[in-house]
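Student: Below: one structure in structure tokens.
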Amino acid sequence: MSKVLLVGKGYPDRGGIPTFLHTLQGGELGQLHDITFLNVAHFGTPEGGEVTAGNIGRTLQDARRVFRMAKGQDVVHLHSALAPAVTVARAGLLAAAGRLRGAKVIVHAHGGNIETWLTSRRTRLLMRLAMLPASHVVAVWSAGERTLAGALGSAKVSLIDNGVDVERFVPAAVDHRPPRILYVGLLTPRKGVLDLIEASRLLKQDGVEHELLLVGGMPDEGPEAAAPVLAAADGVAQLLGTRPPEEMPAAYADADLFCLPSWWEAMPLSVLEAMAAGLPVVASDVGDVSRLVTPECGAVVPVKDPVRLAAALRTLLADPELRRQQGEASRKRAVEHFSSSATALAIDRVFHDVRR
């Protein structure tokens, strides 16, 4: 058993990283190791990826907290989007604070835009410098692993799939009339929510009845990014706000199919949760989505294409039996290939490797 300082954003943040951290603490990894969680989220207006006085002050404060709490720890396990430059520099400073205390540092990269950002000589140099204190870097999707390995070397980078606690999500046997499309994620255009709202409008224009449910809250970029989504959703979709992790199984159980039309992703936990809940999935072809959503489980469509998105949704909305079959296949695939137990054991092996 190792003493592990887990560093990342928890409540009040919502999204992939907070959900992942919650699963790690409450799952098998928490049983294998003595985990202390340092929550670096804040309650103010989000300023993600920006050079602001608030971000600089919080980064320095968080680095001091890591330095103080890393004393006596074997491993500092730091979770970050790891793009753009401001986020990389912040991760590097927090990693250095843990390393100065004598702990081994693992940086877990979750940001789906790494592969488009880490393309120049300047950004690769910044990544190498920032990750010098890290013993190992984990990517959660295959293109991210290749991109980070190109900058840091393949020996320093490995791929560990995201996993979901399949026991928490129970498929519902209810078919709603009209069928309900569920979206879970931040309310920002980069998540494709405007494309989904447009696809919903096209479907209703053609007489395809359905309800569109949006579960999510303020994006990292701040309220300005959410404004166009909120305006477009008015009268078209039901805005259900954010939900704590313990309420998410009920949110999926209250839907008939799931849609995530993001412009970029890594390995989205919302897709895995929907699959574990026995929902068919329609998602955009980004990150490792096509590795998750096979044709038996739903459909993968091009990015920023509301017409193709509407066509894929129409097929499922019109056929309850197809929804049932693909939902069962989704559940089976999540259980067999993407469980949180498998993820925990893979992280456990990294802990042991870096300590050697």
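The way I read the labels, and the way they are meant: chains A, B, ... in the order of the structure tokens, residue 1 as the first residue of every chain, and ligand 1 as the first ligand shown, with later ones counted on from there.
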Considering only strand (DSSP E) as DSSP defines it on the backbone, what residues of segment 65-284 of chain A qualify? List them as number ranges by chain.
Tutor: A: 75-80, 104-109, 136-139, 157-159, 180-184, 211-215, 238-239, 257-260, 281-284
Student: Counting only C-alpha atoms, what is within 6 Å of segment 64-73 of chain A, bar same-chain residues fewer than 6 positions away, as a tab-separated table (two decimals) with all heavy atoms, in the first residue's frame?
Tutor:
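Saved the output as selection_26.tsv:
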chain	number	residue	atom	x	y	z
A	3	LYS	N	1.14	5.59	0.10
A	3	LYS	CA	0.46	6.81	0.52
A	3	LYS	C	0.41	7.73	-0.68
A	3	LYS	O	1.45	8.12	-1.23
A	3	LYS	CB	1.18	7.46	1.70
A	3	LYS	CG	1.22	6.60	2.95
A	3	LYS	CD	1.80	7.37	4.13
A	3	LYS	CE	0.85	8.47	4.58
A	3	LYS	NZ	1.33	9.16	5.79
A	4	VAL	N	-0.80	8.08	-1.10
A	4	VAL	CA	-1.00	8.80	-2.36
A	4	VAL	C	-1.73	10.11	-2.09
A	4	VAL	O	-2.79	10.12	-1.44
A	4	VAL	CB	-1.81	7.95	-3.36
A	4	VAL	CG1	-2.04	8.73	-4.65
A	4	VAL	CG2	-1.10	6.63	-3.64
A	97	ALA	N	6.22	20.96	-7.07
A	97	ALA	CA	6.00	21.07	-5.62
A	97	ALA	C	5.97	19.68	-4.98
A	97	ALA	O	6.53	19.46	-3.91
A	97	ALA	CB	4.69	21.81	-5.35
A	98	GLY	N	5.32	18.73	-5.64
A	98	GLY	CA	5.30	17.37	-5.11
A	98	GLY	C	6.65	16.70	-5.17
A	98	GLY	O	7.06	16.00	-4.23
A	101	ARG	N	9.19	17.51	-2.46
A	101	ARG	CA	8.94	16.83	-1.19
A	101	ARG	C	9.42	15.38	-1.21
A	101	ARG	O	9.26	14.67	-0.22
A	101	ARG	CB	7.45	16.86	-0.87
A	101	ARG	CG	6.99	18.14	-0.21
A	101	ARG	CD	7.66	18.35	1.13
A	101	ARG	NE	6.90	19.24	1.99
A	101	ARG	CZ	7.29	19.69	3.15
A	101	ARG	NH1	8.48	19.32	3.62
A	101	ARG	NH2	6.55	20.49	3.88
A	103	ALA	N	8.31	12.98	-3.29
A	103	ALA	CA	7.31	12.04	-3.78
A	103	ALA	C	7.54	11.79	-5.27
A	103	ALA	O	8.06	12.64	-6.00
A	103	ALA	CB	5.90	12.58	-3.56
Student: Interatomic distance between atom CA of Ala342 of chain A and atom CA of Val137 of chain A?
Tutor: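 Taking atom CA of Ala342 of chain A as the start and atom CA of Val137 of chain A as the end point, the length is 18.2 Å.
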Student: Give one line per residue of segment 203-306 of chain A that approaches segment 159-164 of chain A to at most 7 Å, naming the two atoms of the closest pair and their distance in Å to one decimal, counting only C-alpha atoms; sort by chain then ascending residue number and deliver it as JSON lines.
Tutor:
{"residue": "A:Met267", "atom": "CA", "partner": "A:Asn162", "partner_atom": "CA", "distance": 6.5}
{"residue": "A:Leu269", "atom": "CA", "partner": "A:Asn162", "partner_atom": "CA", "distance": 6.9}
{"residue": "A:Leu272", "atom": "CA", "partner": "A:Val164", "partner_atom": "CA", "distance": 6.3}
{"residue": "A:Glu273", "atom": "CA", "partner": "A:Val164", "partner_atom": "CA", "distance": 6.2}
Student: Those same residues, written as a CSV table (one decimal), in the first residue's frame with all heavy atoms?
Tutor:
chain,number,residue,atom,x,y,z
A,267,MET,N,-11.5,10.4,-23.8
A,267,MET,CA,-12.4,9.2,-23.6
A,267,MET,C,-13.5,9.6,-22.7
A,267,MET,O,-13.4,9.5,-21.5
A,267,MET,CB,-11.6,8.0,-23.1
A,267,MET,CG,-12.4,6.8,-22.9
A,267,MET,SD,-11.5,5.4,-22.4
A,267,MET,CE,-11.0,4.7,-24.0
A,269,LEU,N,-16.2,10.2,-20.1
A,269,LEU,CA,-16.9,9.4,-19.1
A,269,LEU,C,-18.4,9.4,-19.2
A,269,LEU,O,-19.1,8.4,-18.9
A,269,LEU,CB,-16.5,9.9,-17.7
A,269,LEU,CG,-15.2,9.4,-17.1
A,269,LEU,CD1,-14.8,10.2,-15.9
A,269,LEU,CD2,-15.2,7.9,-16.8
A,272,LEU,N,-19.3,6.5,-21.3
A,272,LEU,CA,-19.2,5.3,-20.6
A,272,LEU,C,-20.3,5.1,-19.6
A,272,LEU,O,-20.9,4.0,-19.4
A,272,LEU,CB,-17.9,5.2,-19.9
A,272,LEU,CG,-16.7,5.0,-20.8
A,272,LEU,CD1,-15.4,5.1,-20.0
A,272,LEU,CD2,-16.7,3.6,-21.5
A,273,GLU,N,-20.7,6.2,-18.9
A,273,GLU,CA,-21.8,6.1,-18.0
A,273,GLU,C,-23.1,5.7,-18.7
A,273,GLU,O,-23.9,4.9,-18.2
A,273,GLU,CB,-21.9,7.4,-17.2
A,273,GLU,CG,-20.8,7.7,-16.2
A,273,GLU,CD,-20.9,9.0,-15.5
A,273,GLU,OE1,-21.7,9.9,-16.0
A,273,GLU,OE2,-20.3,9.2,-14.5
Student: Nearest to Phe20 of chain A: which of A:Val229, A:Pro245, A:Phe258, A:Ser135 is it, counting only C-alpha atoms?
Tutor: A:Pro245
Student: Taking only segment 126-349 of chain A into account, list the residues labelled helix (DSSP H, G or I) by DSSP (computed from the backbone), as a short mmCIF file (atom, residue, chain, number, x, y, z; two decimals) with N, CA, C and O atoms, in the first residue's frame.
Tutor:
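Heads up, here's the output in part.cif:
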data_model
loop_
_atom_site.label_atom_id
_atom_site.label_comp_id
_atom_site.auth_asym_id
_atom_site.auth_seq_id
_atom_site.Cartn_x
_atom_site.Cartn_y
_atom_site.Cartn_z
N LEU A 126 7.64 23.39 -24.16
CA LEU A 126 6.96 23.74 -22.92
C LEU A 126 6.50 22.48 -22.19
O LEU A 126 6.67 22.37 -20.96
N MET A 127 5.95 21.51 -22.91
CA MET A 127 5.49 20.28 -22.29
C MET A 127 6.66 19.51 -21.67
O MET A 127 6.55 19.00 -20.54
N ARG A 128 7.77 19.43 -22.37
CA ARG A 128 8.94 18.71 -21.82
C ARG A 128 9.44 19.37 -20.55
O ARG A 128 9.77 18.70 -19.56
N LEU A 129 9.52 20.69 -20.54
CA LEU A 129 10.00 21.40 -19.35
C LEU A 129 9.03 21.23 -18.18
O LEU A 129 9.45 20.99 -17.04
N ALA A 130 7.74 21.37 -18.46
CA ALA A 130 6.75 21.28 -17.40
C ALA A 130 6.69 19.88 -16.79
O ALA A 130 6.43 19.72 -15.60
N SER A 142 -6.03 7.12 -27.00
CA SER A 142 -4.91 6.64 -27.79
C SER A 142 -4.17 7.75 -28.53
O SER A 142 -2.93 7.75 -28.57
N ALA A 143 -4.90 8.71 -29.13
CA ALA A 143 -4.22 9.80 -29.83
C ALA A 143 -3.45 10.68 -28.84
O ALA A 143 -2.38 11.19 -29.17
N GLY A 144 -3.97 10.85 -27.65
CA GLY A 144 -3.25 11.60 -26.62
C GLY A 144 -1.97 10.91 -26.23
O GLY A 144 -0.94 11.56 -26.02
N GLU A 145 -2.01 9.59 -26.10
CA GLU A 145 -0.80 8.83 -25.79
C GLU A 145 0.26 9.04 -26.87
O GLU A 145 1.43 9.31 -26.57
N ARG A 146 -0.14 8.94 -28.14
CA ARG A 146 0.82 9.11 -29.23
C ARG A 146 1.40 10.52 -29.25
O ARG A 146 2.60 10.72 -29.44
N THR A 147 0.53 11.53 -29.03
CA THR A 147 0.99 12.92 -29.08
C THR A 147 1.94 13.22 -27.92
O THR A 147 3.00 13.84 -28.12
N LEU A 148 1.59 12.79 -26.72
CA LEU A 148 2.45 13.03 -25.57
C LEU A 148 3.75 12.25 -25.67
O LEU A 148 4.82 12.76 -25.32
N ALA A 149 3.70 11.03 -26.19
CA ALA A 149 4.92 10.24 -26.37
C ALA A 149 5.85 10.90 -27.38
O ALA A 149 7.08 10.85 -27.24
N GLY A 150 5.28 11.57 -28.38
CA GLY A 150 6.10 12.29 -29.35
C GLY A 150 6.87 13.43 -28.73
O GLY A 150 7.97 13.79 -29.19
N ALA A 151 6.31 14.03 -27.67
CA ALA A 151 6.98 15.14 -27.00
C ALA A 151 7.86 14.69 -25.84
O ALA A 151 8.92 15.28 -25.59
N LEU A 152 7.43 13.64 -25.13
CA LEU A 152 8.11 13.25 -23.89
C LEU A 152 8.88 11.95 -23.98
O LEU A 152 9.65 11.62 -23.07
N SER A 154 8.34 7.69 -25.46
CA SER A 154 7.37 6.63 -25.20
C SER A 154 7.55 5.97 -23.83
O SER A 154 6.59 5.45 -23.26
N ALA A 155 8.76 6.00 -23.29
CA ALA A 155 9.00 5.35 -22.00
C ALA A 155 8.31 6.08 -20.85
O ALA A 155 8.05 5.48 -19.81
N LYS A 156 8.02 7.36 -21.05
CA LYS A 156 7.45 8.17 -19.97
C LYS A 156 5.92 8.23 -20.02
O LYS A 156 5.28 8.76 -19.11
N PRO A 189 -20.50 25.75 -26.56
CA PRO A 189 -20.53 25.32 -27.96
C PRO A 189 -19.52 24.23 -28.30
O PRO A 189 -19.80 23.37 -29.14
N ARG A 190 -18.35 24.22 -27.66
CA ARG A 190 -17.33 23.22 -28.01
C ARG A 190 -17.76 21.80 -27.66
O ARG A 190 -17.16 20.84 -28.14
N LYS A 191 -18.79 21.66 -26.84
CA LYS A 191 -19.34 20.35 -26.56
C LYS A 191 -20.40 19.94 -27.59
O LYS A 191 -21.02 18.88 -27.45
N VAL A 193 -23.28 21.33 -28.18
CA VAL A 193 -24.66 21.45 -27.72
C VAL A 193 -25.50 22.23 -28.72
O VAL A 193 -26.67 21.90 -28.95
N LEU A 194 -24.92 23.25 -29.34
CA LEU A 194 -25.67 23.99 -30.36
C LEU A 194 -26.00 23.10 -31.55
O LEU A 194 -27.08 23.21 -32.15
N ASP A 195 -25.09 22.20 -31.91
CA ASP A 195 -25.35 21.25 -33.00
C ASP A 195 -26.50 20.31 -32.62
O ASP A 195 -27.35 19.98 -33.46
N LEU A 196 -26.51 19.88 -31.36
CA LEU A 196 -27.58 19.00 -30.89
C LEU A 196 -28.92 19.72 -30.88
O LEU A 196 -29.95 19.15 -31.28
N ILE A 197 -28.93 20.96 -30.44
CA ILE A 197 -30.17 21.74 -30.44
C ILE A 197 -30.68 21.94 -31.86
O ILE A 197 -31.89 21.83 -32.13
N GLU A 198 -29.78 22.19 -32.80
CA GLU A 198 -30.18 22.34 -34.20
C GLU A 198 -30.71 21.01 -34.76
O GLU A 198 -31.71 20.99 -35.49
N ALA A 199 -30.06 19.90 -34.41
CA ALA A 199 -30.54 18.60 -34.86
C ALA A 199 -31.94 18.33 -34.30
O ALA A 199 -32.81 17.80 -35.00
N SER A 200 -32.16 18.69 -33.03
CA SER A 200 -33.48 18.53 -32.43
C SER A 200 -34.52 19.36 -33.17
O SER A 200 -35.65 18.90 -33.43
N ARG A 201 -34.15 20.58 -33.53
CA ARG A 201 -35.08 21.44 -34.27
C ARG A 201 -35.44 20.82 -35.62
O ARG A 201 -36.61 20.83 -36.04
N LEU A 202 -34.44 20.27 -36.33
CA LEU A 202 -34.69 19.63 -37.62
C LEU A 202 -35.62 18.43 -37.48
O LEU A 202 -36.50 18.20 -38.31
N LEU A 203 -35.42 17.64 -36.42
CA LEU A 203 -36.26 16.47 -36.19
C LEU A 203 -37.71 16.88 -35.92
O LEU A 203 -38.65 16.29 -36.48
N LYS A 204 -37.91 17.88 -35.09
CA LYS A 204 -39.27 18.33 -34.79
C LYS A 204 -39.92 18.95 -36.01
O LYS A 204 -41.14 18.82 -36.22
N GLN A 205 -39.12 19.60 -36.82
CA GLN A 205 -39.63 20.18 -38.07
C GLN A 205 -40.16 19.08 -38.99
O GLN A 205 -41.12 19.30 -39.75
N PRO A 223 -19.06 32.26 -17.98
CA PRO A 223 -20.47 32.41 -18.39
C PRO A 223 -20.65 32.85 -19.83
O PRO A 223 -21.69 32.58 -20.43
N GLU A 224 -19.66 33.57 -20.40
CA GLU A 224 -19.80 34.02 -21.78
C GLU A 224 -19.94 32.84 -22.74
O GLU A 224 -20.68 32.91 -23.73
N ALA A 225 -19.24 31.75 -22.45
CA ALA A 225 -19.31 30.58 -23.32
C ALA A 225 -20.66 29.88 -23.22
O ALA A 225 -21.11 29.26 -24.19
N ALA A 226 -21.29 29.97 -22.06
CA ALA A 226 -22.59 29.31 -21.88
C ALA A 226 -23.74 30.11 -22.48
O ALA A 226 -24.79 29.53 -22.80
N ALA A 227 -23.55 31.42 -22.66
CA ALA A 227 -24.65 32.29 -23.08
C ALA A 227 -25.33 31.84 -24.37
O ALA A 227 -26.57 31.76 -24.43
N PRO A 228 -24.60 31.53 -25.46
CA PRO A 228 -25.29 31.13 -26.69
C PRO A 228 -26.04 29.81 -26.55
O PRO A 228 -27.10 29.62 -27.18
N VAL A 229 -25.55 28.91 -25.72
CA VAL A 229 -26.25 27.64 -25.50
C VAL A 229 -27.55 27.88 -24.75
O VAL A 229 -28.61 27.35 -25.11
N LEU A 230 -27.50 28.70 -23.70
CA LEU A 230 -28.70 28.99 -22.93
C LEU A 230 -29.76 29.67 -23.79
O LEU A 230 -30.96 29.37 -23.69
N ALA A 231 -29.31 30.57 -24.67
CA ALA A 231 -30.26 31.27 -25.55
C ALA A 231 -30.90 30.30 -26.54
O ALA A 231 -32.11 30.33 -26.77
N ALA A 232 -30.08 29.42 -27.13
CA ALA A 232 -30.59 28.49 -28.14
C ALA A 232 -31.51 27.44 -27.52
O ALA A 232 -32.43 26.94 -28.17
N ALA A 233 -31.25 27.08 -26.25
CA ALA A 233 -32.04 26.03 -25.59
C ALA A 233 -33.42 26.50 -25.16
O ALA A 233 -34.31 25.68 -24.91
N PRO A 245 -22.60 13.34 -8.33
CA PRO A 245 -22.38 11.99 -8.87
C PRO A 245 -23.41 10.97 -8.43
O PRO A 245 -23.80 10.10 -9.21
N GLU A 246 -23.88 11.06 -7.19
CA GLU A 246 -24.82 10.06 -6.69
C GLU A 246 -26.18 10.13 -7.37
O GLU A 246 -26.96 9.17 -7.32
N GLU A 247 -26.49 11.25 -8.04
CA GLU A 247 -27.78 11.38 -8.73
C GLU A 247 -27.70 11.06 -10.22
O GLU A 247 -28.73 11.00 -10.90
N MET A 248 -26.49 10.82 -10.74
CA MET A 248 -26.36 10.60 -12.18
C MET A 248 -27.00 9.29 -12.66
O MET A 248 -27.58 9.25 -13.75
N PRO A 249 -26.93 8.17 -11.91
CA PRO A 249 -27.63 6.97 -12.39
C PRO A 249 -29.10 7.22 -12.67
O PRO A 249 -29.65 6.72 -13.67
N ALA A 250 -29.78 7.99 -11.83
CA ALA A 250 -31.19 8.29 -12.04
C ALA A 250 -31.39 9.15 -13.28
O ALA A 250 -32.39 8.99 -14.00
N ALA A 251 -30.44 10.06 -13.56
CA ALA A 251 -30.56 10.90 -14.74
C ALA A 251 -30.49 10.06 -16.02
O ALA A 251 -31.26 10.28 -16.97
N TYR A 252 -29.58 9.10 -16.06
CA TYR A 252 -29.49 8.23 -17.24
C TYR A 252 -30.71 7.32 -17.34
O TYR A 252 -31.22 7.06 -18.44
N ALA A 253 -31.20 6.83 -16.20
CA ALA A 253 -32.35 5.93 -16.20
C ALA A 253 -33.61 6.62 -16.69
O ALA A 253 -34.56 5.95 -17.12
N LEU A 269 -16.24 10.22 -20.11
CA LEU A 269 -16.88 9.40 -19.08
C LEU A 269 -18.39 9.40 -19.23
O LEU A 269 -19.05 8.41 -18.88
N SER A 270 -18.96 10.49 -19.73
CA SER A 270 -20.42 10.52 -19.89
C SER A 270 -20.89 9.44 -20.86
O SER A 270 -21.94 8.83 -20.65
N VAL A 271 -20.12 9.18 -21.91
CA VAL A 271 -20.47 8.11 -22.84
C VAL A 271 -20.40 6.76 -22.13
O VAL A 271 -21.29 5.91 -22.29
N LEU A 272 -19.35 6.55 -21.34
CA LEU A 272 -19.21 5.29 -20.63
C LEU A 272 -20.34 5.11 -19.60
O LEU A 272 -20.86 4.00 -19.43
N GLU A 273 -20.71 6.17 -18.91
CA GLU A 273 -21.81 6.09 -17.96
C GLU A 273 -23.11 5.74 -18.66
O GLU A 273 -23.89 4.92 -18.17
N ALA A 274 -23.36 6.39 -19.80
CA ALA A 274 -24.58 6.10 -20.55
C ALA A 274 -24.61 4.65 -21.02
O ALA A 274 -25.65 3.98 -20.96
N MET A 275 -23.46 4.16 -21.47
CA MET A 275 -23.39 2.77 -21.90
C MET A 275 -23.64 1.81 -20.73
O MET A 275 -24.39 0.84 -20.85
N ALA A 276 -23.03 2.10 -19.59
CA ALA A 276 -23.24 1.27 -18.41
C ALA A 276 -24.70 1.29 -17.97
O ALA A 276 -25.21 0.31 -17.42
N VAL A 289 -13.91 7.94 -29.04
CA VAL A 289 -15.34 7.64 -29.04
C VAL A 289 -15.65 6.45 -29.95
O VAL A 289 -16.44 5.56 -29.58
N SER A 290 -15.02 6.38 -31.11
CA SER A 290 -15.32 5.27 -32.02
C SER A 290 -14.83 3.93 -31.47
O SER A 290 -15.29 2.87 -31.91
N ARG A 291 -13.88 3.97 -30.54
CA ARG A 291 -13.44 2.74 -29.89
C ARG A 291 -14.43 2.31 -28.81
O ARG A 291 -14.52 1.13 -28.49
N LEU A 292 -15.17 3.27 -28.26
CA LEU A 292 -16.19 2.96 -27.27
C LEU A 292 -17.49 2.53 -27.94
O LEU A 292 -18.05 1.48 -27.64
N PRO A 306 -25.02 18.88 -37.91
CA PRO A 306 -26.34 18.67 -37.33
C PRO A 306 -27.25 17.79 -38.20
O PRO A 306 -28.11 17.08 -37.67
N VAL A 307 -27.06 17.83 -39.52
CA VAL A 307 -27.91 17.04 -40.41
C VAL A 307 -27.64 15.55 -40.21
O VAL A 307 -28.57 14.74 -40.06
N ARG A 308 -26.36 15.16 -40.20
CA ARG A 308 -26.01 13.75 -39.98
C ARG A 308 -26.37 13.33 -38.56
O ARG A 308 -26.77 12.19 -38.31
N LEU A 309 -26.21 14.25 -37.62
CA LEU A 309 -26.57 13.97 -36.24
C LEU A 309 -28.06 13.69 -36.13
O LEU A 309 -28.50 12.72 -35.48
N ALA A 310 -28.87 14.52 -36.77
CA ALA A 310 -30.32 14.34 -36.75
C ALA A 310 -30.71 13.00 -37.38
O ALA A 310 -31.62 12.31 -36.89
N ALA A 311 -30.04 12.62 -38.46
CA ALA A 311 -30.36 11.35 -39.13
C ALA A 311 -30.09 10.16 -38.22
O ALA A 311 -30.89 9.22 -38.15
N ALA A 312 -28.96 10.19 -37.50
CA ALA A 312 -28.64 9.10 -36.58
C ALA A 312 -29.63 9.04 -35.43
O ALA A 312 -30.07 7.96 -35.02
N LEU A 313 -30.01 10.19 -34.91
CA LEU A 313 -30.99 10.23 -33.82
C LEU A 313 -32.36 9.76 -34.30
O LEU A 313 -33.08 9.05 -33.58
N ARG A 314 -32.72 10.15 -35.53
CA ARG A 314 -34.03 9.77 -36.08
C ARG A 314 -34.19 8.25 -36.12
O ARG A 314 -35.25 7.70 -35.78
N THR A 315 -33.14 7.56 -36.53
CA THR A 315 -33.19 6.10 -36.62
C THR A 315 -33.54 5.47 -35.27
O THR A 315 -34.37 4.57 -35.19
N LEU A 316 -32.91 5.96 -34.21
CA LEU A 316 -33.16 5.42 -32.88
C LEU A 316 -34.49 5.87 -32.30
O LEU A 316 -35.19 5.10 -31.65
N LEU A 317 -34.85 7.10 -32.54
CA LEU A 317 -36.12 7.60 -32.02
C LEU A 317 -37.31 6.85 -32.60
O LEU A 317 -38.33 6.65 -31.93
N PRO A 320 -38.06 1.57 -31.07
CA PRO A 320 -37.82 1.18 -29.67
C PRO A 320 -37.06 -0.13 -29.54
O PRO A 320 -36.24 -0.27 -28.62
N GLU A 321 -37.29 -1.08 -30.43
CA GLU A 321 -36.59 -2.35 -30.34
C GLU A 321 -35.10 -2.18 -30.62
O GLU A 321 -34.26 -2.81 -29.97
N LEU A 322 -34.76 -1.31 -31.59
CA LEU A 322 -33.35 -1.03 -31.87
C LEU A 322 -32.70 -0.36 -30.67
O LEU A 322 -31.55 -0.68 -30.31
N ARG A 323 -33.42 0.55 -30.02
CA ARG A 323 -32.88 1.19 -28.81
C ARG A 323 -32.59 0.14 -27.74
O ARG A 323 -31.55 0.20 -27.07
N ARG A 324 -33.51 -0.80 -27.58
CA ARG A 324 -33.31 -1.85 -26.57
C ARG A 324 -32.09 -2.71 -26.89
O ARG A 324 -31.26 -2.97 -26.02
N GLN A 325 -31.97 -3.13 -28.14
CA GLN A 325 -30.85 -3.99 -28.54
C GLN A 325 -29.52 -3.28 -28.38
O GLN A 325 -28.55 -3.84 -27.84
N GLN A 326 -29.45 -2.03 -28.85
CA GLN A 326 -28.19 -1.30 -28.76
C GLN A 326 -27.88 -0.92 -27.32
O GLN A 326 -26.71 -0.87 -26.92
N GLY A 327 -28.91 -0.67 -26.52
CA GLY A 327 -28.68 -0.39 -25.11
C GLY A 327 -28.10 -1.59 -24.39
O GLY A 327 -27.18 -1.46 -23.57
N GLU A 328 -28.58 -2.78 -24.69
CA GLU A 328 -28.04 -4.00 -24.08
C GLU A 328 -26.59 -4.20 -24.50
O GLU A 328 -25.74 -4.60 -23.69
N ALA A 329 -26.29 -3.95 -25.78
CA ALA A 329 -24.91 -4.10 -26.26
C ALA A 329 -23.99 -3.07 -25.60
O ALA A 329 -22.83 -3.38 -25.29
N SER A 330 -24.50 -1.87 -25.39
CA SER A 330 -23.71 -0.84 -24.72
C SER A 330 -23.35 -1.27 -23.31
O SER A 330 -22.19 -1.16 -22.87
N ARG A 331 -24.34 -1.74 -22.58
CA ARG A 331 -24.12 -2.19 -21.20
C ARG A 331 -23.08 -3.32 -21.16
O ARG A 331 -22.15 -3.30 -20.35
N LYS A 332 -23.22 -4.28 -22.05
CA LYS A 332 -22.30 -5.42 -22.10
C LYS A 332 -20.88 -4.96 -22.39
O LYS A 332 -19.91 -5.42 -21.76
N ARG A 333 -20.73 -4.02 -23.31
CA ARG A 333 -19.39 -3.55 -23.67
C ARG A 333 -18.75 -2.78 -22.52
O ARG A 333 -17.56 -2.93 -22.24
N ALA A 334 -19.53 -1.95 -21.83
CA ALA A 334 -18.98 -1.20 -20.69
C ALA A 334 -18.53 -2.15 -19.59
O ALA A 334 -17.45 -1.98 -19.01
N VAL A 335 -19.34 -3.16 -19.29
CA VAL A 335 -19.01 -4.10 -18.23
C VAL A 335 -17.75 -4.89 -18.57
O VAL A 335 -16.87 -5.09 -17.72
N GLU A 336 -17.64 -5.34 -19.81
CA GLU A 336 -16.54 -6.24 -20.19
C GLU A 336 -15.23 -5.52 -20.46
O GLU A 336 -14.16 -6.11 -20.27
N HIS A 337 -15.28 -4.25 -20.87
CA HIS A 337 -14.06 -3.60 -21.33
C HIS A 337 -13.70 -2.29 -20.62
O HIS A 337 -12.54 -1.85 -20.69
N SER A 340 -14.43 0.46 -13.89
CA SER A 340 -13.54 1.24 -13.03
C SER A 340 -12.53 0.33 -12.33
O SER A 340 -11.44 0.78 -11.98
N SER A 341 -12.88 -0.93 -12.12
CA SER A 341 -11.94 -1.86 -11.48
C SER A 341 -10.71 -2.07 -12.36
O SER A 341 -9.58 -2.08 -11.87
N ALA A 342 -10.93 -2.23 -13.67
CA ALA A 342 -9.80 -2.39 -14.59
C ALA A 342 -8.92 -1.15 -14.61
O ALA A 342 -7.69 -1.23 -14.64
N THR A 343 -9.55 0.03 -14.58
CA THR A 343 -8.79 1.28 -14.55
C THR A 343 -7.98 1.38 -13.26
O THR A 343 -6.80 1.75 -13.28
N ALA A 344 -8.57 1.04 -12.13
CA ALA A 344 -7.88 1.11 -10.84
C ALA A 344 -6.67 0.19 -10.81
O ALA A 344 -5.60 0.57 -10.32
N LEU A 345 -6.81 -1.02 -11.33
CA LEU A 345 -5.69 -1.96 -11.33
C LEU A 345 -4.56 -1.47 -12.23
O LEU A 345 -3.37 -1.66 -11.92
N ALA A 346 -4.90 -0.83 -13.35
CA ALA A 346 -3.87 -0.30 -14.25
C ALA A 346 -3.12 0.85 -13.57
O ALA A 346 -1.89 0.96 -13.70
N ILE A 347 -3.84 1.72 -12.87
CA ILE A 347 -3.19 2.81 -12.14
C ILE A 347 -2.33 2.25 -11.01
O ILE A 347 -1.22 2.74 -10.75
N ASP A 348 -2.82 1.23 -10.34
CA ASP A 348 -2.05 0.58 -9.27
C ASP A 348 -0.71 0.08 -9.79
O ASP A 348 0.33 0.23 -9.12
N ARG A 349 -0.69 -0.49 -11.00
CA ARG A 349 0.58 -0.97 -11.58
C ARG A 349 1.54 0.19 -11.83
O ARG A 349 2.75 0.07 -11.61
#
Student: Considering only C-alpha atoms, return as a list of chain:residue names whatever protein or nucleic-acid residues lie within 9 Å of Asp34 of chain A, sequence-local ones (same chain, fewer than 3 positions apart) excluded.
Tutor: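 My reading of the contact set: A:Met1, A:Ser2, A:Lys3, A:Val4, A:Leu5, A:Leu29, A:Gly30, A:Gln31.
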Student: Identify, on the basis of only C-alpha atoms, every residue whose closest approach to Tyr183 of chain A does not exceed 7 Å; exclude the query and any residue fewer than 2 positions from it along the same chain; express the result as a VMD selection string.
Tutor: chain A and resid 181 185 213 to 215 258 to 260
Student: Which is closest to Leu118 of chain A among A:Leu21, A:Leu186, A:Val88, A:Leu32, if we use only C-alpha atoms?
Tutor: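 Once distances to Leu118 of chain A are computed over only C-alpha atoms, the minimum belongs to A:Val88.
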Student: To one decimal place, how far is atom CA of Pro280 of chain A from atom CA of Val174 of chain A in Å?
Tutor: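 Going from atom CA of Pro280 of chain A over to atom CA of Val174 of chain A, I get 13.8 Å.
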Student: Which is closest to Glu28 of chain A among A:His352, A:Trp117, A:Ser339, A:Leu182, if we use only C-alpha atoms?
Tutor: A:Ser339
Student: So, with only C-alpha atoms as the atoms that count, which of A:Asp256, A:Gly241, A:Val51, A:Lys9 lies closest to Glu221 of chain A?
Tutor: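 Residue with the minimum atom-to-atom distance to Glu221 of chain A: A:Val51.
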Student: Write out as a list in words which residues come within 8 Å of Ala83 of chain A when counting only C-alpha atoms, dropping same-chain ones fewer than 6 positions away.
Tutor: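 The filter keeps Gly49, Gly111, Asn113, Ile114 and Trp117 of chain A.
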Student: Counting only C-alpha atoms, figure out which residue out of A:Leu212, A:Ser120, A:Pro133, A:His79 gets nearest to Gly102 of chain A.
Tutor: A:Pro133
